[in-house]
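Below: the structure, in C-alpha cells.
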Amino acid sequence: MLKYLQDESSEVSKVLFTGLDFAGKSSIILTLKREFAQIGDVSPTQGSQKRMFDFLGKQISEWDLGGQRKYRISYLKRPNDYFANTSVAIYVIDIQEEDRFDESIDYLKKVVKKFEELEISPFVHIFFHKYDPAIVQYHNDQYKNVVERLKENIKEKVSYDHLDFHKTSIFDISSIVKAMSSVFLSLVPKTVLIDTTLQEFVNKTNSKGVIIVDDNSLLISSYFVDDEIKDLAEDSIPYFLSLNDSFERVDTDSLETIESTNKTTVIQKDENYFIFSKLSLKKEAPPYYLLLIKDTPEYDKNNIQSISTLFGEILY
C-alpha cells in the first residue's frame, strides 16, 4: 500500500487535488490505495491533508484540499500556504451534479488565477468524475454531450493553456489508474528509457503485452502488441493488485498457486495466460509489480529477474 516518507526536500513534486466538496477527490485517492472498504464511509475532507510517497525514485507531496465552501475561501485568501510550488493540479468535477457546474468552473477559474499570481503554471488535469459504467451503458450519448459542453465552457471561461481532460469512475478502476498514471509520469524524465527496456522485454519473451505498476496502483510503463491486449491488461491490473493484497494478509505457504521463491502467480483466462510477479528492486524500497500476458503459461524466471535488475538500475 501507499508508503509515506518522513521529510520533504527541494526535489519534491507537489500534486494538488482540488475541486468542490463531494466531487470525489478522496475516493479517487482511496481507490489508488486499494482501500475500497473505506470509500462507502468517506466524509468530506476537513481542511487539507498531505501525504508523502515515492514514485520512480522521486518524492511526491500529494495535497488533498477539502472542497467545502469555508475551506475554499481560506485557500484563496492564503494561496502561498496551499497553491505555492504546485507541480501539477488535479481538478475533480462531479459530472452527475449539473446544478453545480457553474460553481465548479468559477472556483477552477479562481484557482488558476492564484497560480498566475504566484507566477507558476502547473498543468491542470480536469477529472470528469463519476462517469460510471452504468452511465456508459444506459445514458452514454447524454453524458457525452454533457462532458463536451462542460469542456467547452471550461475552455471559454478559464483562460489557461495547460489543461487536460479525463473521464474517471471508482467503478471503473482502470480509468483512475490510467488518468493518475499519466499525471505522475509527466513528472519523471526516466520513462522513455523504461518504455524502451519494456518493449525489448516483450520481444525477448514472445509475449503479447506487459505492464509494470508501483505499489500505489500507478502505471509505470507498458507495451502491447495491439489495442485488444492493451485493454485486457489495463482492466486486469486492479484485480491482480487486489489479489496480491489478499495474499499478503494470509499464509501464502498454504496457497499452491503462489510460488514463494519469486512471488509469481499464473492465471488463465480464455486463451491468455496472465503472469503476475512482484519485483523487489531494492531493500526497504516499495515493491513494483509486473503483469505479463502470453499464449502459454511458461515463463523464464531469469527473464523476470533480468527485467527487475534493469529496472532497478534505471531507478536507483
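By order in the C-alpha cells, chains are A, B, ...; within a chain, residues start at 1; ligands start at 1, following the order shown.
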
Name the residues in contact with A:Gln305 at a cut-off of 10 Å, using only C-alpha atoms, excluding same-chain residues fewer than 3 positions from it; report them as a tab-separated table (two decimals) with C-alpha atoms, in the first residue's frame.
chain	number	residue	atom	x	y	z
A	262	ASN	CA	9.75	-15.42	-6.76
A	279	LEU	CA	9.54	-7.11	-8.19
A	280	SER	CA	11.66	-6.15	-5.20
A	281	LEU	CA	14.21	-3.75	-6.65
A	300	ASP	CA	11.60	-17.90	-17.57
A	301	LYS	CA	12.35	-16.81	-14.01
A	302	ASN	CA	15.68	-15.48	-15.23
A	308	SER	CA	13.82	-6.47	-12.28
A	309	THR	CA	17.59	-5.83	-12.25
A	310	LEU	CA	17.46	-3.50	-15.26
A	311	PHE	CA	14.51	-1.62	-13.82

(message) When you look at A:Ile176 with a cut-off of 10 Å (counting only C-alpha atoms), what residues show up, excluding the ones that are within fewer than 3 positions of it in the same chain? I need them as a VMD selection string.
(response) chain A and resid 28 to 29 31 to 32 127 129 166 to 173 179 to 182 217 to 218

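Nearest-residue note for A:Ile267: choosing from A:Asp245, A:Tyr239, A:Asp215, A:Pro297, the minimum distance belongs to A:Pro297, counting only C-alpha atoms.
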
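Across A:Ala233, A:Gln46, A:Asp54, A:Ile95, the tightest approach to A:Asn145 is made by A:Ile95 when counting only C-alpha atoms.
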
(message) Run DSSP on the backbone and tell me which residues of stretch 83-208 of chain A come out as alpha helix (DSSP H); list them as number ranges by chain.
(response) A: 101-117, 133-138, 140-157, 173-185, 191-205

(request) Tell me, as number ranges by chain, which residues lie within 9 Å of stretch 106-123 of chain A, counting only C-alpha atoms; anything in the same chain fewer than 5 positions away does not count. (result) A: 18-20, 72, 75-76, 79-80, 83-91, 101, 154, 157-164, 183

Let's have the selection written as a short mmCIF file (atom, residue, chain, number, x, y, z; two decimals), in the first residue's frame, with C-alpha atoms.
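Contents of the output file out.cif:
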data_model
loop_
_atom_site.label_atom_id
_atom_site.label_comp_id
_atom_site.auth_asym_id
_atom_site.auth_seq_id
_atom_site.Cartn_x
_atom_site.Cartn_y
_atom_site.Cartn_z
CA THR A 18 -8.85 20.28 -5.56
CA GLY A 19 -12.47 20.89 -6.56
CA LEU A 20 -15.84 21.23 -4.84
CA ARG A 72 -12.17 27.17 -0.44
CA TYR A 75 -7.29 28.63 0.37
CA LEU A 76 -7.94 31.62 -1.88
CA PRO A 79 -2.60 30.97 -1.67
CA ASN A 80 1.04 30.78 -0.55
CA PHE A 83 -1.09 26.63 -4.02
CA ALA A 84 2.58 27.65 -3.99
CA ASN A 85 5.09 25.26 -5.63
CA THR A 86 2.38 23.16 -7.26
CA SER A 87 3.92 20.92 -9.94
CA VAL A 88 0.64 19.56 -11.27
CA ALA A 89 -3.01 20.06 -10.24
CA ILE A 90 -5.92 17.63 -10.46
CA TYR A 91 -9.30 19.34 -10.50
CA PHE A 101 -21.15 23.10 -12.89
CA ILE A 154 -14.20 25.48 -19.20
CA LYS A 157 -14.28 30.77 -19.20
CA VAL A 158 -10.89 29.60 -17.91
CA SER A 159 -8.14 31.26 -19.90
CA TYR A 160 -5.29 28.80 -19.30
CA ASP A 161 -3.07 26.96 -21.76
CA HIS A 162 -2.20 23.91 -19.67
CA LEU A 163 -5.42 21.92 -19.41
CA ASP A 164 -6.06 18.23 -19.98
CA VAL A 183 -0.34 12.73 -14.29
#

(message) I need the residue nearest A:Leu290 from this list: A:Arg69, A:Gly209, A:Asp226, A:Glu313. Use only C-alpha atoms for the distance.
(response) A:Gly209

(message) Based on the backbone DSSP call, show me all residues of stretch 57-191 of chain A assigned strand (DSSP E or B), as a ChimeraX atom specification.
(response) /A:58-65,86-94,123-129,163-169,172

(request) Name the closest residue to A:Leu198 among the candidates A:Glu152, A:Tyr131, A:Ile304, A:Lys58; distances are taken between atoms, counting only C-alpha atoms. (result) A:Ile304

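Going from atom CA of A:Asp94 to atom CA of A:Asp64 covers 16.1 Å.
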
(message) Could you check the closest approach to A:Tyr82 for each of A:Glu98, A:Phe17, A:Lys144, A:Val136 and tell me which residue wins, using only C-alpha atoms?
(response)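 Checking each of A:Glu98, A:Phe17, A:Lys144, A:Val136 against A:Tyr82, counting only C-alpha atoms, the winner is A:Phe17.
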
(request) Rank A:Arg78, A:Asp21, A:Phe53, A:Asn303 by their smallest atom-to-atom distance to A:Lys204, using only C-alpha atoms, and report the top residue only. (result) A:Asn303
